Each structure stands twice: as C-alpha cells, then as structure tokens.
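Here's upload.cif, which has mmCIF, C-alpha atoms:
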data_run
loop_
_atom_site.label_atom_id
_atom_site.label_comp_id
_atom_site.auth_asym_id
_atom_site.auth_seq_id
_atom_site.Cartn_x
_atom_site.Cartn_y
_atom_site.Cartn_z
CA MET V 1 0.00 0.00 0.00
CA PRO V 2 1.45 3.42 -0.90
CA LEU V 3 2.86 5.38 2.05
CA LYS V 4 0.56 8.36 1.35
CA ILE V 5 -2.55 6.18 1.68
CA ILE V 6 -1.24 4.65 4.93
CA LEU V 7 -0.59 8.10 6.45
CA LEU V 8 -4.07 9.34 5.44
CA SER V 9 -5.64 6.27 7.02
CA VAL V 10 -3.80 6.89 10.30
CA VAL V 11 -4.90 10.53 10.37
CA PHE V 12 -8.52 9.51 9.69
CA ILE V 13 -8.43 6.94 12.52
CA LEU V 14 -6.99 9.53 14.95
CA ILE V 15 -9.64 12.10 14.04
CA ALA V 16 -12.46 9.58 14.23
CA GLY V 17 -11.31 8.51 17.71
CA CYS V 18 -11.54 12.05 19.13
CA ASP V 19 -14.65 13.45 20.73
CA ARG V 20 -15.90 16.79 19.48
CA SER V 21 -15.10 18.23 22.93
CA ASP V 22 -11.41 17.28 22.43
CA ILE V 23 -11.01 19.62 19.46
CA VAL V 24 -9.70 22.95 20.79
CA THR V 25 -10.37 26.15 18.90
CA THR V 26 -9.28 29.66 19.72
CA ASP V 27 -10.48 33.09 18.67
CA ASP V 28 -7.37 34.84 19.95
CA ASP V 29 -6.63 37.78 17.63
CA GLY V 30 -3.06 38.09 18.86
CA PHE V 31 -3.44 41.68 20.12
CA PRO V 32 -4.22 43.18 23.54
CA PRO V 33 -7.59 44.89 23.95
CA SER V 34 -8.01 48.62 23.64
CA ALA V 35 -8.16 50.69 26.83
CA PRO V 36 -11.74 50.92 28.15
CA GLU V 37 -13.58 54.18 27.53
CA GLY V 38 -16.42 56.10 29.09
CA ILE V 39 -15.62 55.32 32.72
CA ARG V 40 -17.82 57.22 35.16
CA LEU V 41 -18.66 57.23 38.85
CA PHE V 42 -22.39 56.69 39.31
CA ARG V 43 -22.43 56.15 43.09
CA ALA V 44 -20.41 57.56 45.99
CA ARG V 45 -22.29 57.51 49.28
CA ASP V 46 -22.86 55.59 52.49
CA GLY V 47 -19.64 53.61 52.36
CA GLU V 48 -20.08 52.43 48.76
CA THR V 49 -18.87 53.50 45.32
CA GLY V 50 -20.02 52.34 41.91
CA ILE V 51 -18.27 52.78 38.56
CA GLU V 52 -19.24 51.78 35.03
CA TRP V 53 -17.75 52.01 31.56
CA GLU V 54 -18.42 51.16 27.93
CA GLN V 55 -18.16 47.48 27.02
CA ASN V 56 -15.01 46.70 25.03
CA PRO V 57 -15.65 45.49 21.43
CA GLU V 58 -13.00 42.73 21.20
CA HIS V 59 -14.41 39.25 20.56
CA ASP V 60 -11.65 37.63 22.67
CA LEU V 61 -12.24 39.87 25.70
CA LEU V 62 -12.21 38.05 29.07
CA GLY V 63 -12.63 40.80 31.65
CA TYR V 64 -11.42 43.97 33.31
CA TYR V 65 -8.86 44.78 36.00
CA ILE V 66 -9.86 47.32 38.64
CA TYR V 67 -7.16 49.71 39.84
CA ARG V 68 -7.67 51.80 42.97
CA LYS V 69 -5.94 54.31 45.22
CA ILE V 70 -7.09 56.02 48.42
CA ASN V 71 -6.68 59.72 49.23
CA ASP V 72 -3.27 61.16 48.28
CA ASN V 73 -1.56 57.88 47.49
CA PRO V 74 0.30 58.65 44.24
CA ASP V 75 -0.05 55.23 42.63
CA LEU V 76 -3.01 53.20 41.45
CA ALA V 77 -2.69 49.57 42.49
CA LEU V 78 -4.36 46.48 41.07
CA TYR V 79 -7.32 45.85 43.37
CA ASP V 80 -9.79 43.42 41.79
CA SER V 81 -11.20 42.08 38.53
CA THR V 82 -14.62 41.57 36.95
CA GLU V 83 -16.18 40.21 33.77
CA LEU V 84 -18.88 42.90 33.90
CA ASN V 85 -18.71 46.49 32.72
CA TYR V 86 -19.54 47.90 36.15
CA TYR V 87 -18.17 47.50 39.66
CA PHE V 88 -19.27 48.18 43.24
CA ASP V 89 -16.73 48.76 46.01
CA TYR V 90 -17.68 48.44 49.70
CA PRO V 91 -17.47 48.75 52.68
CA LEU V 92 -15.52 52.01 52.56
CA ASN V 93 -14.58 54.84 54.90
CA TYR V 94 -16.90 57.84 54.74
CA ASP V 95 -14.08 60.42 54.91
CA SER V 96 -11.71 58.93 52.32
CA ILE V 97 -11.50 59.72 48.61
CA TYR V 98 -11.28 56.68 46.32
CA THR V 99 -9.86 56.89 42.80
CA TYR V 100 -10.45 54.18 40.18
CA ALA V 101 -9.19 53.28 36.72
CA ILE V 102 -9.57 50.08 34.71
CA SER V 103 -7.91 48.03 32.03
CA ALA V 104 -9.21 45.22 29.83
CA TYR V 105 -7.64 41.79 29.36
CA ASP V 106 -8.31 39.06 26.81
CA LYS V 107 -8.40 35.27 26.92
CA SER V 108 -4.63 35.15 26.60
CA PHE V 109 -4.38 37.63 29.51
CA ARG V 110 -2.96 40.38 27.35
CA GLU V 111 -3.76 43.63 29.14
CA SER V 112 -4.80 46.92 27.60
CA GLY V 113 -3.63 50.32 28.65
CA ILE V 114 -5.29 51.88 31.69
CA SER V 115 -8.38 54.04 31.28
CA ALA V 116 -8.96 57.53 32.54
CA SER V 117 -9.60 57.75 36.28
CA VAL V 118 -12.60 58.83 38.37
CA SER V 119 -12.79 59.72 42.07
CA GLY V 120 -15.45 59.93 44.75
CA GLN V 121 -15.97 60.16 48.50
CA PRO V 122 -18.63 57.75 49.90
CA ALA V 123 -19.86 60.12 52.63
CA ASN V 124 -22.66 59.09 54.96
CA LYS V 125 -25.76 60.74 53.47
CA TYR V 126 -28.76 58.51 54.10
CA PRO V 127 -29.99 56.28 56.94
CA PRO V 128 -30.18 52.53 56.29
CA PHE V 129 -33.22 50.78 54.90
CA VAL V 130 -35.67 49.12 57.29
CA PRO V 131 -34.80 45.42 57.82
CA LEU V 132 -37.22 42.98 56.19
CA TYR V 133 -39.24 40.01 57.44
CA PRO V 134 -38.64 40.14 61.21
CA GLU V 135 -39.58 36.96 63.08
CA ALA V 136 -39.69 36.01 66.75
CA SER V 137 -39.69 32.40 67.97
CA GLY V 138 -39.82 31.37 71.61
CA ARG V 139 -37.96 28.34 72.93
CA ASN V 140 -37.97 26.57 76.28
CA ASP V 141 -35.18 24.01 76.05
CA ILE V 142 -33.94 21.68 78.73
CA ASP V 143 -31.07 24.01 79.65
CA SER V 144 -32.07 27.41 78.19
CA ILE V 145 -35.03 29.74 77.69
CA PHE V 146 -34.93 32.42 75.00
CA ILE V 147 -36.72 34.26 72.20
CA SER V 148 -34.92 33.82 68.87
CA LEU V 149 -35.14 36.84 66.54
CA HIS V 150 -34.32 36.84 62.82
CA TRP V 151 -34.64 39.41 60.03
CA THR V 152 -33.36 40.02 56.51
CA PRO V 153 -30.84 42.84 55.80
CA ARG V 154 -31.51 45.20 52.91
CA GLY V 155 -27.99 45.30 51.42
CA ASP V 156 -26.67 48.58 52.86
CA ALA V 157 -22.88 48.58 52.59
CA ASP V 158 -22.18 50.48 55.81
CA ILE V 159 -24.15 48.61 58.47
CA LYS V 160 -22.61 48.61 61.94
CA GLY V 161 -25.33 46.42 63.43
CA TYR V 162 -28.94 46.31 64.57
CA ILE V 163 -30.76 47.60 67.64
CA ILE V 164 -33.53 45.37 68.99
CA TYR V 165 -36.21 47.05 71.10
CA ARG V 166 -38.36 45.03 73.53
CA SER V 167 -41.58 45.88 75.34
CA ALA V 168 -44.39 44.18 77.21
CA LEU V 169 -46.84 46.32 75.19
CA ALA V 170 -47.98 45.40 71.71
CA ASP V 171 -48.33 48.99 70.50
CA PHE V 172 -45.07 50.59 71.60
CA GLU V 173 -42.69 53.18 70.20
CA THR V 174 -38.99 52.38 70.25
CA GLU V 175 -38.17 55.40 72.45
CA ASN V 176 -40.42 53.86 75.12
CA ALA V 177 -38.92 50.37 74.93
CA GLU V 178 -38.23 48.60 78.20
CA LYS V 179 -35.03 46.98 76.93
CA GLU V 180 -32.58 47.43 74.06
CA PHE V 181 -30.16 44.90 72.61
CA PHE V 182 -27.47 45.17 69.92
CA SER V 183 -26.48 42.60 67.31
CA ILE V 184 -23.84 42.79 64.59
CA SER V 185 -25.62 40.03 62.64
CA SER V 186 -29.21 39.64 61.41
CA SER V 187 -30.23 37.45 64.35
CA TYR V 188 -30.34 37.66 68.13
CA ASN V 189 -31.35 35.41 71.03
CA ASP V 190 -32.99 37.26 73.91
CA VAL V 191 -32.13 35.14 76.94
CA SER V 192 -33.50 37.61 79.49
CA VAL V 193 -37.04 36.24 79.26
CA GLU V 194 -39.36 34.39 81.58
CA PRO V 195 -41.51 31.47 80.42
CA GLY V 196 -45.19 32.21 79.87
CA ILE V 197 -44.70 35.98 79.25
CA LEU V 198 -45.40 37.46 75.82
CA TYR V 199 -42.70 39.85 74.56
CA TYR V 200 -42.89 42.35 71.69
CA TYR V 201 -39.97 43.44 69.49
CA ARG V 202 -39.06 46.01 66.85
CA ILE V 203 -35.71 46.31 65.04
CA LYS V 204 -33.70 49.16 63.51
CA ALA V 205 -30.55 49.05 61.36
CA LEU V 206 -27.62 51.24 62.50
CA ASP V 207 -24.92 52.39 60.08
CA LYS V 208 -21.28 53.22 60.82
CA GLY V 209 -22.15 56.91 60.97
CA ASP V 210 -24.76 56.16 63.67
CA LEU V 211 -27.74 56.88 61.43
CA LEU V 212 -30.74 54.69 62.24
CA SER V 213 -33.35 53.21 59.94
CA ASN V 214 -37.03 53.30 60.72
CA ALA V 215 -38.28 50.47 62.89
CA THR V 216 -39.72 47.22 61.62
CA LEU V 217 -43.26 46.17 62.35
CA THR V 218 -43.77 44.61 65.76
CA VAL V 219 -43.23 40.86 66.16
CA SER V 220 -43.89 38.85 69.28
CA ASP V 221 -43.66 35.48 70.93
CA LEU V 222 -43.18 33.81 74.29
CA ALA V 223 -41.31 30.84 75.65
CA LEU V 224 -44.08 28.52 76.74
CA ASP V 225 -43.87 26.83 80.10
CA ARG V 226 -43.56 23.06 79.84
CA PRO V 227 -46.55 20.81 79.31
CA GLU V 228 -46.58 17.54 81.24
CA ILE V 229 -47.54 13.92 80.63
CA LEU V 230 -49.41 12.83 83.77
CA PHE V 231 -50.22 9.29 82.63
CA PRO V 232 -48.47 7.03 82.00
CA LEU V 233 -45.65 7.94 84.35
CA ASN V 234 -42.05 7.63 83.22
CA GLY V 235 -40.84 4.04 83.56
CA ALA V 236 -44.31 2.72 84.38
CA ALA V 237 -45.51 -0.81 83.70
CA ILE V 238 -49.25 -0.57 82.94
CA THR V 239 -51.85 -3.18 82.11
CA GLU V 240 -53.37 -1.20 79.22
CA LEU V 241 -53.27 2.21 77.55
CA ASN V 242 -56.66 3.63 76.62
CA THR V 243 -56.02 7.22 77.70
CA ILE V 244 -53.02 9.52 77.90
CA LYS V 245 -53.47 12.29 80.46
CA ILE V 246 -51.61 15.57 79.89
CA LEU V 247 -51.32 18.98 81.54
CA THR V 248 -51.33 21.85 79.02
CA CYS V 249 -49.21 25.01 79.03
CA SER V 250 -50.40 28.21 80.69
CA TYR V 251 -50.99 29.86 77.29
CA PRO V 252 -53.06 28.74 74.27
CA ALA V 253 -50.91 26.48 72.14
CA TRP V 254 -50.74 23.85 69.42
CA TYR V 255 -49.55 20.40 70.48
CA LYS V 256 -48.06 17.27 68.98
CA LEU V 257 -48.09 14.01 70.93
CA VAL V 258 -45.52 11.59 69.54
CA LEU V 259 -45.35 7.84 70.25
CA TYR V 260 -42.01 6.13 69.49
CA SER V 261 -40.82 2.55 69.35
CA ASP V 262 -37.30 3.66 70.33
CA PRO V 263 -35.84 6.86 71.86
CA VAL V 264 -34.36 8.25 68.62
CA TYR V 265 -36.30 6.92 65.63
CA GLY V 266 -39.30 4.73 65.05
CA ILE V 267 -42.21 7.17 65.21
CA ILE V 268 -45.38 5.11 65.51
CA SER V 269 -47.97 7.86 65.75
CA GLU V 270 -48.26 11.67 65.82
CA THR V 271 -51.39 13.38 67.15
CA ASP V 272 -51.85 17.12 66.51
CA PHE V 273 -54.34 19.30 68.37
CA TYR V 274 -54.94 22.83 69.63
CA PHE V 275 -56.01 23.72 73.16
CA SER V 276 -56.86 27.23 74.32
CA GLN V 277 -57.27 26.63 78.06
CA SER V 278 -54.30 27.19 80.34
CA ARG V 279 -52.88 24.54 82.69
CA GLU V 280 -55.75 22.16 82.13
CA GLU V 281 -55.66 18.41 82.58
CA ILE V 282 -57.07 16.71 79.52
CA ASP V 283 -57.44 13.09 78.39
CA LEU V 284 -56.32 12.01 74.93
CA ASP V 285 -57.75 8.88 73.33
CA ALA V 286 -55.10 6.17 72.98
CA SER V 287 -57.42 3.25 72.30
CA THR V 288 -56.44 3.12 68.62
CA TYR V 289 -52.77 2.41 69.39
CA TYR V 290 -51.74 -1.20 68.76
CA LEU V 291 -49.08 -1.91 71.39
CA GLU V 292 -47.24 -5.13 72.05
CA THR V 293 -46.87 -6.46 75.57
CA TYR V 294 -43.49 -6.48 77.32
CA LYS V 295 -42.11 -3.95 74.87
CA LYS V 296 -40.87 -0.53 75.88
CA TYR V 297 -42.49 2.51 74.19
CA TYR V 298 -41.74 6.22 74.45
CA LEU V 299 -43.87 9.38 74.55
CA ARG V 300 -43.14 13.07 74.16
CA LEU V 301 -45.52 16.04 74.10
CA ILE V 302 -44.36 19.06 72.06
CA ALA V 303 -45.94 22.52 72.35
CA PHE V 304 -45.98 25.24 69.66
CA SER V 305 -46.86 28.88 70.25
CA LYS V 306 -47.62 29.36 66.53
CA GLU V 307 -49.43 26.99 64.23
CA SER V 308 -46.71 27.02 61.58
CA GLY V 309 -43.79 27.72 63.89
CA SER V 310 -41.01 25.59 65.33
CA ALA V 311 -41.19 23.64 68.58
CA ASN V 312 -41.44 25.97 71.55
CA SER V 313 -41.40 23.68 74.59
CA TYR V 314 -41.68 19.96 75.20
CA THR V 315 -41.72 17.31 77.87
CA GLU V 316 -38.96 14.93 78.76
CA LEU V 317 -39.11 11.69 76.80
CA ILE V 318 -40.94 9.15 78.98
CA SER V 319 -40.99 5.37 78.64
CA PHE V 320 -43.57 2.75 79.54
CA GLU V 321 -44.51 -0.82 78.73
CA ILE V 322 -47.66 -2.94 78.73
CA VAL V 323 -47.55 -5.73 81.31
CA PRO V 324 -50.78 -7.75 81.55
CA ASP V 325 -52.17 -8.80 84.92
#

Is it possible to express this structure as structure tokens?
Amino acid sequence: MPLKIILLSVVFILIAGCDRSDIVTTDDDGFPPSAPEGIRLFRARDGETGIEWEQNPEHDLLGYYIYRKINDNPDLALYDSTELNYYFDYPLNYDSIYTYAISAYDKSFRESGISASVSGQPANKYPPFVPLYPEASGRNDIDSIFISLHWTPRGDADIKGYIIYRSALADFETENAEKEFFSISSSYNDVSVEPGILYYYRIKALDKGDLLSNATLTVSDLALDRPEILFPLNGAAITELNTIKILTCSYPAWYKLVLYSDPVYGIISETDFYFSQSREEIDLDASTYYLETYKKYYLRLIAFSKESGSANSYTELISFEIVPD
C-alpha cells in the first residue's frame, strides 16, 4: 500500500477517535484589547462607590482589571477584577477619597492600557433601609429559655449592626422600649425572658455613621412553660393504655403528641391538636394504638406557640410498657 494512503488512514483513525469536545479552537486575535472608555462614577455615598464604563468590542475579551488608590496615594494599584462592565466597592470609609481606573484583558491575559480615572468620596448621606421580614420564635429548652429573633438585611454597605427594642406592650414606640439589645448580625437570642410571658420586638438598622433606619413592624412570641404527661408515668408498667393524660401550658398552644418505638427513631404515631385553656388536665384517646406487651415505648408532648412555627417547649421523653395482669 502506498505510504501516502497509509498516512491518510492513520490521520482519519486519529480524528475519528476524538470526541468533538477534544477539538480545541481559539479566537485569539493576537493583540491586547483597547483601553476601556467612558468610565464614570455613578455612586459615591454611604460607604459604597459604583463605577461603570463602555463594554469593550474585542471578541476575545475576558474581563477587566480594577485599579484603585485612596486619598493622596500617588499610585493606582491592582485591586480586583470583573467580567462585567460595572463595579461596586464596599465597605468604605466615609471620609476617604477613592480613585479608580480600569484596564481590559483578553483570553490570553494580554492587558490593555489603563483608562482615565474617576474619584469619589462615599460620605454618609442617608440612613439605612428598614430590615425585612422580622420573626420572633420562643424556645424553652432543657437548659435554656430564649426568644430567637431573625430578620433580613436590605444590602446597605455600611451597616454597623442592629438595635432590637423590647416591650411588654404590643403597640409601643422604640423610644419607650423597656429593653434594648445590639447585634452585629441579622439574628439575636434574647435570653433575658421568663416562660409564659409574651414579649414584643421592633428592630432598627444602624450604620457606621450612627444613622438609624425606621423600625420594623412589631413581632412577638413567648417561651411557653412546659406541658406535662401525667399518665403514663415515666418508667411505668401498665396493664393497658386507653387514655393519655396531659397537663397543658399556661398559654393557648398547638400540640403534637408523639409515640415512638425507640428513643431516637421509630415514630409510631403523631397526634396534633390545639387547646386554648391554660394549665388544664385533659385526656387524649389512645385506644387506637396497637401496642405489644413487654415492649418498651416512648412518649413526648411538644408545644408550639404558633401553628406554623417551630417547637417551643416539650416534655422529657418518657418510657412505659404494657404488662398484663
């Protein structure tokens, strides 16, 4: 077979054995991009600056380098990069002047010249936005009692933290609050609470210049006192189980009675109900449970202060077994 035919056959086999994804193409034009144009400062306030510029036309463009200097520093220094044609810088000092310039770079990381520069001072001009979606959830754990508070920040760049105001009154103004707490994050656990008392909260955002937002709407909750399982007693051996006797919390609540086949898993039954009376003994029907004799079972009663909320308080896990006469 002629050598030329053999070589062509080998090339064909090699090409046929390659996946399409293995074939590498490039659109590199071999030249660095042009320096970006039209740079402008469109934001300089409240600890944040924003710059934008015209999109470069090169088809092999990969992104832009951000150069920055602060106050009288004579030299711009490489600070960051972006694939977009705008850039936000935060959190910044209110009393400093920030100067920016940019360059473009392509897929081969060839860099353009540096653009013109723009400067701005992000002075503190406006108070923060009101935090969103405040929530309060009470909790009476074995070793702690607290009200857990959560809210959603609004994206201000200069937030120092949040002030939480507490009152025993539903309709209260923050200047008349009975207690104030501070949190640097968007959550806080108020541990200075007593079970069975309803507490009301409002929240304000505080920026680094000590400007305050308006207050959120009022949210409230309480840490319920503990319900009790009165029958069967913990560790009891009983002849039958037709009724479970419980003692409710001292505040209207939703309840879940859970029957387990072991202390961790094995839920056999869950019974949900609401009861509005405080510290009442009530009987729950257990005649539908099918329980084996000489087998240990477990019960727990969980109380909820809100229908769609998380567990607020609960009993200890009790055990019992059926032992016939």

I'd like the residues picked by the PyMOL selection byres ((chain V and resi 189) around 8) written out as a VMD selection string, using the chain letters and numbers from the file.
chain V and resid 146 to 149 187 to 188 190 to 191

Hey, can you check how far atom CA of Ala215 of chain V sits from atom CA of Gly161 of chain V?
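Separating atom CA of Ala215 of chain V from atom CA of Gly161 of chain V is a distance of 13.6 Å.
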
Test item: residues at most 12 Å from Asp156 of chain V, only C-alpha atoms, excluding those fewer than 6 positions along its chain, as a ChimeraX atom specification:
/V:45-49,90-92,124,126-131,205-208,211-213

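Among the candidates V:Gln277, V:Ser308, V:Asn85, V:Ser137, the one nearest to Tyr251 of chain V when counting only C-alpha atoms is V:Gln277.
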
Report as a compact mmCIF listing (two decimals) with C-alpha atoms, keeping the file's coordinate frame all protein, DNA and RNA residues lying within 9 Å of Gly30 of chain V, evaluated on all atoms listed in the file, omitting residues in the same chain fewer than 3 positions from it.
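See result.txt below for the written result:
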# COMPACT_ATOMS: atom_id res chain seq x y z
CA ASP V 27 -10.48 33.09 18.67
CA SER V 108 -4.63 35.15 26.60
CA ARG V 110 -2.96 40.38 27.35
